[in-house]
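Pasted below: target.pdb, PDB, C-alpha atoms.
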```pdb
ATOM      1  CA  MET A1448     113.962  -3.585 -93.256
ATOM      2  CA  ASN A1449     115.986  -3.586 -90.034
ATOM      3  CA  LYS A1450     112.968  -4.968 -88.262
ATOM      4  CA  ILE A1451     112.730  -7.857 -90.732
ATOM      5  CA  VAL A1452     116.405  -8.686 -90.258
ATOM      6  CA  LEU A1453     115.946  -8.574 -86.510
ATOM      7  CA  ILE A1454     112.928 -10.878 -86.642
ATOM      8  CA  ILE A1455     114.685 -13.343 -88.931
ATOM      9  CA  SER A1456     117.784 -13.434 -86.756
ATOM     10  CA  LEU A1457     115.660 -13.906 -83.648
ATOM     11  CA  LEU A1458     113.807 -16.755 -85.303
ATOM     12  CA  THR A1459     116.944 -18.524 -86.495
ATOM     13  CA  THR A1460     118.613 -18.034 -83.106
ATOM     14  CA  GLY A1461     115.578 -19.615 -81.538
ATOM     15  CA  LEU A1462     115.818 -22.553 -83.888
ATOM     16  CA  SER A1463     119.487 -23.227 -83.376
ATOM     17  CA  PHE A1464     119.472 -22.940 -79.583
ATOM     18  CA  ALA A1465     116.108 -24.479 -78.840
ATOM     19  CA  GLY A1466     116.123 -27.454 -76.523
ATOM     20  CA  GLY A1467     118.905 -29.606 -75.189
ATOM     21  CA  ASN A1468     122.631 -29.988 -75.230
ATOM     22  CA  PRO A1469     123.878 -32.296 -77.994
ATOM     23  CA  VAL A1470     127.194 -32.988 -76.242
ATOM     24  CA  GLU A1471     125.417 -34.264 -73.137
ATOM     25  CA  GLY A1472     122.937 -36.004 -75.414
ATOM     26  CA  LYS A1473     125.729 -37.928 -77.111
ATOM     27  CA  LYS A1474     126.774 -39.439 -73.765
ATOM     28  CA  LYS A1475     123.238 -40.676 -73.134
ATOM     29  CA  VAL A1476     122.893 -41.983 -76.667
ATOM     30  CA  GLU A1477     126.072 -44.025 -76.152
ATOM     31  CA  GLN A1478     124.561 -45.622 -73.048
ATOM     32  CA  VAL A1479     120.917 -45.988 -73.986
ATOM     33  CA  CYS A1480     119.948 -45.513 -77.622
ATOM     34  CA  GLN A1481     122.814 -46.590 -79.834
ATOM     35  CA  SER A1482     122.367 -50.356 -79.591
ATOM     36  CA  CYS A1483     119.272 -50.044 -81.793
ATOM     37  CA  HIS A1484     119.343 -46.572 -83.356
ATOM     38  CA  GLY A1485     123.122 -46.353 -83.776
ATOM     39  CA  MET A1486     125.379 -43.404 -82.997
ATOM     40  CA  ASP A1487     124.694 -42.394 -86.605
ATOM     41  CA  GLY A1488     120.913 -42.362 -86.006
ATOM     42  CA  LEU A1489     120.218 -44.568 -89.010
ATOM     43  CA  GLY A1490     118.873 -47.616 -87.148
ATOM     44  CA  ILE A1491     120.627 -50.993 -87.032
ATOM     45  CA  ASN A1492     117.938 -52.369 -89.311
ATOM     46  CA  ASP A1493     114.930 -51.305 -91.262
ATOM     47  CA  THR A1494     112.406 -51.782 -88.458
ATOM     48  CA  TYR A1495     113.985 -49.065 -86.305
ATOM     49  CA  PRO A1496     113.237 -45.509 -87.316
ATOM     50  CA  LYS A1497     115.967 -43.334 -88.661
ATOM     51  CA  LEU A1498     116.505 -40.410 -86.284
ATOM     52  CA  ALA A1499     119.328 -38.509 -87.967
ATOM     53  CA  GLY A1500     118.099 -35.045 -88.871
ATOM     54  CA  GLN A1501     114.638 -35.524 -87.379
ATOM     55  CA  PHE A1502     113.119 -32.454 -85.712
ATOM     56  CA  ALA A1503     114.239 -32.246 -82.074
ATOM     57  CA  ASP A1504     110.788 -31.293 -80.818
ATOM     58  CA  TYR A1505     109.232 -34.298 -82.562
ATOM     59  CA  LEU A1506     111.818 -36.608 -80.978
ATOM     60  CA  GLU A1507     111.103 -35.030 -77.594
ATOM     61  CA  LYS A1508     107.385 -35.565 -78.109
ATOM     62  CA  ALA A1509     107.941 -39.233 -79.058
ATOM     63  CA  LEU A1510     110.162 -39.901 -76.042
ATOM     64  CA  THR A1511     107.808 -38.079 -73.684
ATOM     65  CA  ASP A1512     104.882 -40.131 -74.991
ATOM     66  CA  TYR A1513     106.817 -43.380 -74.555
ATOM     67  CA  LYS A1514     107.762 -42.309 -71.035
ATOM     68  CA  SER A1515     104.164 -41.473 -70.098
ATOM     69  CA  GLY A1516     102.798 -44.613 -71.756
ATOM     70  CA  GLU A1517     100.672 -42.635 -74.216
ATOM     71  CA  ARG A1518     102.680 -44.219 -77.012
ATOM     72  CA  LYS A1519     103.170 -47.897 -76.458
ATOM     73  CA  ASN A1520     106.175 -49.951 -77.391
ATOM     74  CA  PRO A1521     107.649 -52.598 -75.118
ATOM     75  CA  ILE A1522     111.246 -51.692 -75.960
ATOM     76  CA  MET A1523     110.911 -47.930 -76.030
ATOM     77  CA  SER A1524     108.809 -47.553 -72.878
ATOM     78  CA  GLY A1525     111.587 -49.090 -70.796
ATOM     79  CA  PHE A1526     114.333 -46.918 -72.225
ATOM     80  CA  ALA A1527     112.296 -43.722 -72.216
ATOM     81  CA  ALA A1528     111.348 -44.304 -68.582
ATOM     82  CA  SER A1529     115.043 -44.207 -67.689
ATOM     83  CA  LEU A1530     115.473 -40.741 -69.223
ATOM     84  CA  SER A1531     114.860 -37.462 -67.381
ATOM     85  CA  GLU A1532     113.204 -34.547 -69.183
ATOM     86  CA  GLN A1533     116.638 -33.000 -69.578
ATOM     87  CA  ASP A1534     118.037 -36.266 -70.996
ATOM     88  CA  ILE A1535     115.193 -36.324 -73.517
ATOM     89  CA  GLU A1536     116.002 -32.794 -74.681
ATOM     90  CA  ASN A1537     119.709 -33.630 -74.904
ATOM     91  CA  VAL A1538     119.236 -36.886 -76.812
ATOM     92  CA  ALA A1539     116.843 -35.155 -79.212
ATOM     93  CA  ALA A1540     119.381 -32.358 -79.707
ATOM     94  CA  TYR A1541     122.064 -34.929 -80.557
ATOM     95  CA  TYR A1542     120.089 -36.924 -83.123
ATOM     96  CA  SER A1543     118.458 -33.900 -84.728
ATOM     97  CA  ARG A1544     121.884 -32.420 -85.512
ATOM     98  CA  LEU A1545     123.314 -35.439 -87.332
ATOM     99  CA  THR A1546     123.760 -34.712 -90.997
ATOM    100  CA  VAL A1547     125.087 -37.897 -92.643
ATOM    101  CA  ASP A1548     122.338 -39.638 -94.625
ATOM    102  CA  LYS A1549     119.809 -37.641 -92.622
ATOM    103  CA  LEU A1550     116.051 -37.483 -93.007
ATOM    104  CA  HIS A1551     114.687 -34.762 -95.215
ATOM    105  CA  ASP A1552     111.397 -33.163 -96.098
ATOM    106  CA  LEU A1553     109.089 -34.682 -98.652
ATOM    107  CA  SER A1554     108.674 -32.397-101.606
ATOM    108  CA  ILE A1555     105.352 -31.583-103.140
ATOM    109  CA  LYS A1556     105.253 -32.775-106.707
TER     110      LYS A1556
ATOM    111  CA  MET B   5     113.885 -82.365-108.875
ATOM    112  CA  LYS B   6     115.256 -79.566-111.008
ATOM    113  CA  LYS B   7     111.746 -78.417-111.685
ATOM    114  CA  LEU B   8     110.984 -78.390-107.977
ATOM    115  CA  VAL B   9     114.057 -76.340-107.233
ATOM    116  CA  SER B  10     113.333 -73.825-109.936
ATOM    117  CA  THR B  11     109.689 -73.554-108.849
ATOM    118  CA  LEU B  12     110.770 -72.959-105.292
ATOM    119  CA  LEU B  13     113.295 -70.358-106.367
ATOM    120  CA  LEU B  14     110.692 -68.662-108.492
ATOM    121  CA  LEU B  15     108.254 -68.626-105.592
ATOM    122  CA  MET B  16     110.862 -67.158-103.279
ATOM    123  CA  PHE B  17     111.620 -64.322-105.632
ATOM    124  CA  ALA B  18     107.987 -63.767-106.483
ATOM    125  CA  THR B  19     107.133 -63.427-102.789
ATOM    126  CA  GLN B  20     109.936 -60.965-102.343
ATOM    127  CA  ILE B  21     108.714 -58.898-105.219
ATOM    128  CA  LEU B  22     105.169 -58.968-103.891
ATOM    129  CA  ALA B  23     106.279 -58.120-100.363
ATOM    130  CA  ALA B  24     108.221 -55.050-101.397
ATOM    131  CA  GLY B  25     106.234 -51.919-102.090
ATOM    132  CA  ASP B  26     105.949 -50.269-105.443
ATOM    133  CA  ILE B  27     107.785 -46.960-105.379
ATOM    134  CA  GLU B  28     105.911 -45.410-108.297
ATOM    135  CA  LYS B  29     102.507 -46.321-106.881
ATOM    136  CA  GLY B  30     103.645 -45.122-103.482
ATOM    137  CA  LYS B  31     104.551 -41.773-104.951
ATOM    138  CA  LEU B  32     100.987 -41.335-106.209
ATOM    139  CA  THR B  33      99.330 -42.522-103.001
ATOM    140  CA  SER B  34     101.520 -40.349-100.814
ATOM    141  CA  TYR B  35     100.464 -37.146-102.541
ATOM    142  CA  THR B  36      98.077 -36.535 -99.632
ATOM    143  CA  CYS B  37     100.899 -36.953 -97.116
ATOM    144  CA  THR B  38     102.753 -33.992 -98.569
ATOM    145  CA  GLY B  39      99.891 -31.728 -97.430
ATOM    146  CA  CYS B  40     101.536 -31.821 -93.992
ATOM    147  CA  HIS B  41     104.823 -33.723 -94.302
ATOM    148  CA  GLY B  42     105.827 -31.891 -97.475
ATOM    149  CA  ILE B  43     105.577 -28.393 -96.073
ATOM    150  CA  LYS B  44     108.850 -27.272 -94.587
ATOM    151  CA  TYR B  45     108.729 -26.634 -90.845
ATOM    152  CA  TYR B  46     104.987 -27.339 -90.748
ATOM    153  CA  MET B  47     103.747 -27.572 -87.165
ATOM    154  CA  ASN B  48     101.346 -29.921 -85.464
ATOM    155  CA  VAL B  49      99.057 -27.891 -83.215
ATOM    156  CA  TYR B  50      98.007 -28.789 -79.665
ATOM    157  CA  PRO B  51     100.521 -29.986 -78.731
ATOM    158  CA  THR B  52     102.861 -27.959 -80.882
ATOM    159  CA  TYR B  53     105.777 -29.708 -82.530
ATOM    160  CA  HIS B  54     107.177 -30.106 -86.023
ATOM    161  CA  VAL B  55     105.477 -32.606 -88.290
ATOM    162  CA  PRO B  56     108.178 -35.267 -88.629
ATOM    163  CA  ARG B  57     110.479 -35.515 -91.609
ATOM    164  CA  LEU B  58     109.843 -38.700 -93.592
ATOM    165  CA  GLY B  59     112.138 -38.451 -96.622
ATOM    166  CA  GLY B  60     114.565 -41.374 -96.406
ATOM    167  CA  GLN B  61     112.841 -42.961 -93.420
ATOM    168  CA  ASN B  62     113.346 -46.718 -92.991
ATOM    169  CA  GLU B  63     110.783 -48.762 -94.890
ATOM    170  CA  ALA B  64     109.701 -51.327 -92.287
ATOM    171  CA  TYR B  65     109.337 -48.598 -89.685
ATOM    172  CA  ILE B  66     106.942 -46.628 -91.899
ATOM    173  CA  VAL B  67     104.896 -49.790 -92.426
ATOM    174  CA  SER B  68     104.626 -50.424 -88.687
ATOM    175  CA  ALA B  69     103.873 -46.769 -87.931
ATOM    176  CA  LEU B  70     101.051 -46.574 -90.491
ATOM    177  CA  LYS B  71      99.573 -49.878 -89.344
ATOM    178  CA  ALA B  72      99.685 -48.712 -85.725
ATOM    179  CA  TYR B  73      97.862 -45.505 -86.701
ATOM    180  CA  ARG B  74      95.334 -47.490 -88.729
ATOM    181  CA  SER B  75      94.543 -49.827 -85.833
ATOM    182  CA  GLY B  76      94.357 -46.954 -83.364
ATOM    183  CA  GLU B  77      97.228 -48.392 -81.346
ATOM    184  CA  ARG B  78      99.106 -45.184 -82.010
ATOM    185  CA  SER B  79      96.847 -42.222 -81.433
ATOM    186  CA  HIS B  80      96.824 -39.131 -83.568
ATOM    187  CA  PRO B  81      93.457 -38.037 -84.981
ATOM    188  CA  THR B  82      94.713 -36.858 -88.378
ATOM    189  CA  MET B  83      97.052 -39.796 -88.877
ATOM    190  CA  ARG B  84      94.382 -42.241 -87.799
ATOM    191  CA  ALA B  85      91.994 -40.828 -90.384
ATOM    192  CA  GLN B  86      94.635 -40.887 -93.106
ATOM    193  CA  ALA B  87      95.965 -44.360 -92.357
ATOM    194  CA  GLY B  88      92.442 -45.687 -91.887
ATOM    195  CA  SER B  89      91.796 -45.422 -95.601
ATOM    196  CA  LEU B  90      94.975 -47.269 -96.629
ATOM    197  CA  SER B  91      95.221 -50.931 -97.638
ATOM    198  CA  ASP B  92      98.239 -53.063 -96.757
ATOM    199  CA  ASP B  93      99.443 -52.580-100.328
ATOM    200  CA  ASP B  94      99.051 -48.807-100.113
ATOM    201  CA  ILE B  95     101.098 -48.813 -96.911
ATOM    202  CA  ALA B  96     103.835 -50.959 -98.435
ATOM    203  CA  ASN B  97     103.969 -48.687-101.481
ATOM    204  CA  ILE B  98     104.129 -45.486 -99.444
ATOM    205  CA  ALA B  99     106.885 -46.941 -97.260
ATOM    206  CA  ALA B 100     108.881 -47.989-100.326
ATOM    207  CA  TYR B 101     108.539 -44.493-101.781
ATOM    208  CA  PHE B 102     109.590 -42.668 -98.585
ATOM    209  CA  ALA B 103     112.549 -44.999 -98.114
ATOM    210  CA  SER B 104     113.632 -44.421-101.717
ATOM    211  CA  LEU B 105     114.047 -40.686-101.138
ATOM    212  CA  LYS B 106     117.715 -40.465-100.252
TER     213      LYS B 106
END
```

Using the file provided, produce a representation of the structure as structure tokens.
Amino acid sequence: MNKIVLIISLLTTGLSFAGGNPVEGKKKVEQVCQSCHGMDGLGINDTYPKLAGQFADYLEKALTDYKSGERKNPIMSGFAASLSEQDIENVAAYYSRLTVDKLHDLSIK
Amino acid sequence: MKKLVSTLLLLMFATQILAAGDIEKGKLTSYTCTGCHGIKYYMNVYPTYHVPRLGGQNEAYIVSALKAYRSGERSHPTMRAQAGSLSDDDIANIAAYFASLK
């Protein structure tokens, strides 16, 4: 029983502290991302993806792919290129932690 | 003249209705999507990252993402295979359904 508690707490600790620093991320978002995605991560219009509450590691993957050119988008490749790996982790940490009108899982019906 | 105006208005609305996806149909078509996107904390393997959350995602973005997967412009083997079987209508319906999940 103790072992289970220990494993669960280790897992949840891992989840909450994984990746970047949301406070630093917020500063970058103000400079780079907000003009399209908003500080609220909802997107200024429908064509921009909502980022609020998205998984941080998925956001990191998307930004890394834009940076490397594996994922192509004329707007995003420029912005992602200006971000360091640390910036990417921080920005992802910021958006993934937003809770207002955030993304959620699909349910199986 | 009145007839012309009303016909034009009718056409405008009809196009809007046609352009927007059908949420109920989208719900049926997107059953397959839940096999990955509907399982909490489900992971993509190699590379390893969480399968993205899609509930409440913006409609036009979902349309462009699925079309990019379908054309191969955006590469992901599973998503390419899934999107490859979807018509434009299917994509519009799925996007409408995801966006409706608030």

Within 7 Å of chain B, which residues of chain A show up when using only C-alpha atoms, listed as a PyMOL selection string? chain A and resi 1493-1497+1501-1502+1504-1505+1518+1550-1555

Residues returned when the PyMOL selection byres ((chain A and resi 1533) around 10) runs on this file, as a VMD selection string: chain A and resid 1466 to 1468 1471 to 1472 1507 1530 to 1532 1534 to 1539

Residues matched by the PyMOL selection byres ((chain A and resi 1486) around 10) as JSON, numbers by chain: {"A": [1473, 1476, 1477, 1480, 1481, 1482, 1483, 1484, 1485, 1487, 1488, 1489, 1490, 1491, 1498, 1499, 1541, 1542, 1545]}

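Going from atom CA of B:Gly76 over to atom CA of A:Ala1503, you cover 24.8 Å.
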
Rounded to one decimal in Å, what is the spacing between atom CA of B:Thr33 and atom CA of B:Tyr73?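 Calculated distance between atom CA of B:Thr33 and atom CA of B:Tyr73 is 16.6 Å.
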
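Of note, atom CA of B:Gly30 and atom CA of B:Lys71 are spaced 15.5 Å apart.
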
For stretch 73-89 of chain B, I'd like the enclosing box, axis-aligned and padded by 4 Å on every side, reported as AutoDock Vina command-line options with centre and edge lengths in Å to one decimal.
```
--center_x 95.5 --center_y -43.3 --center_z -88.5 --size_x 15.3 --size_y 21.0 --size_z 22.3
```
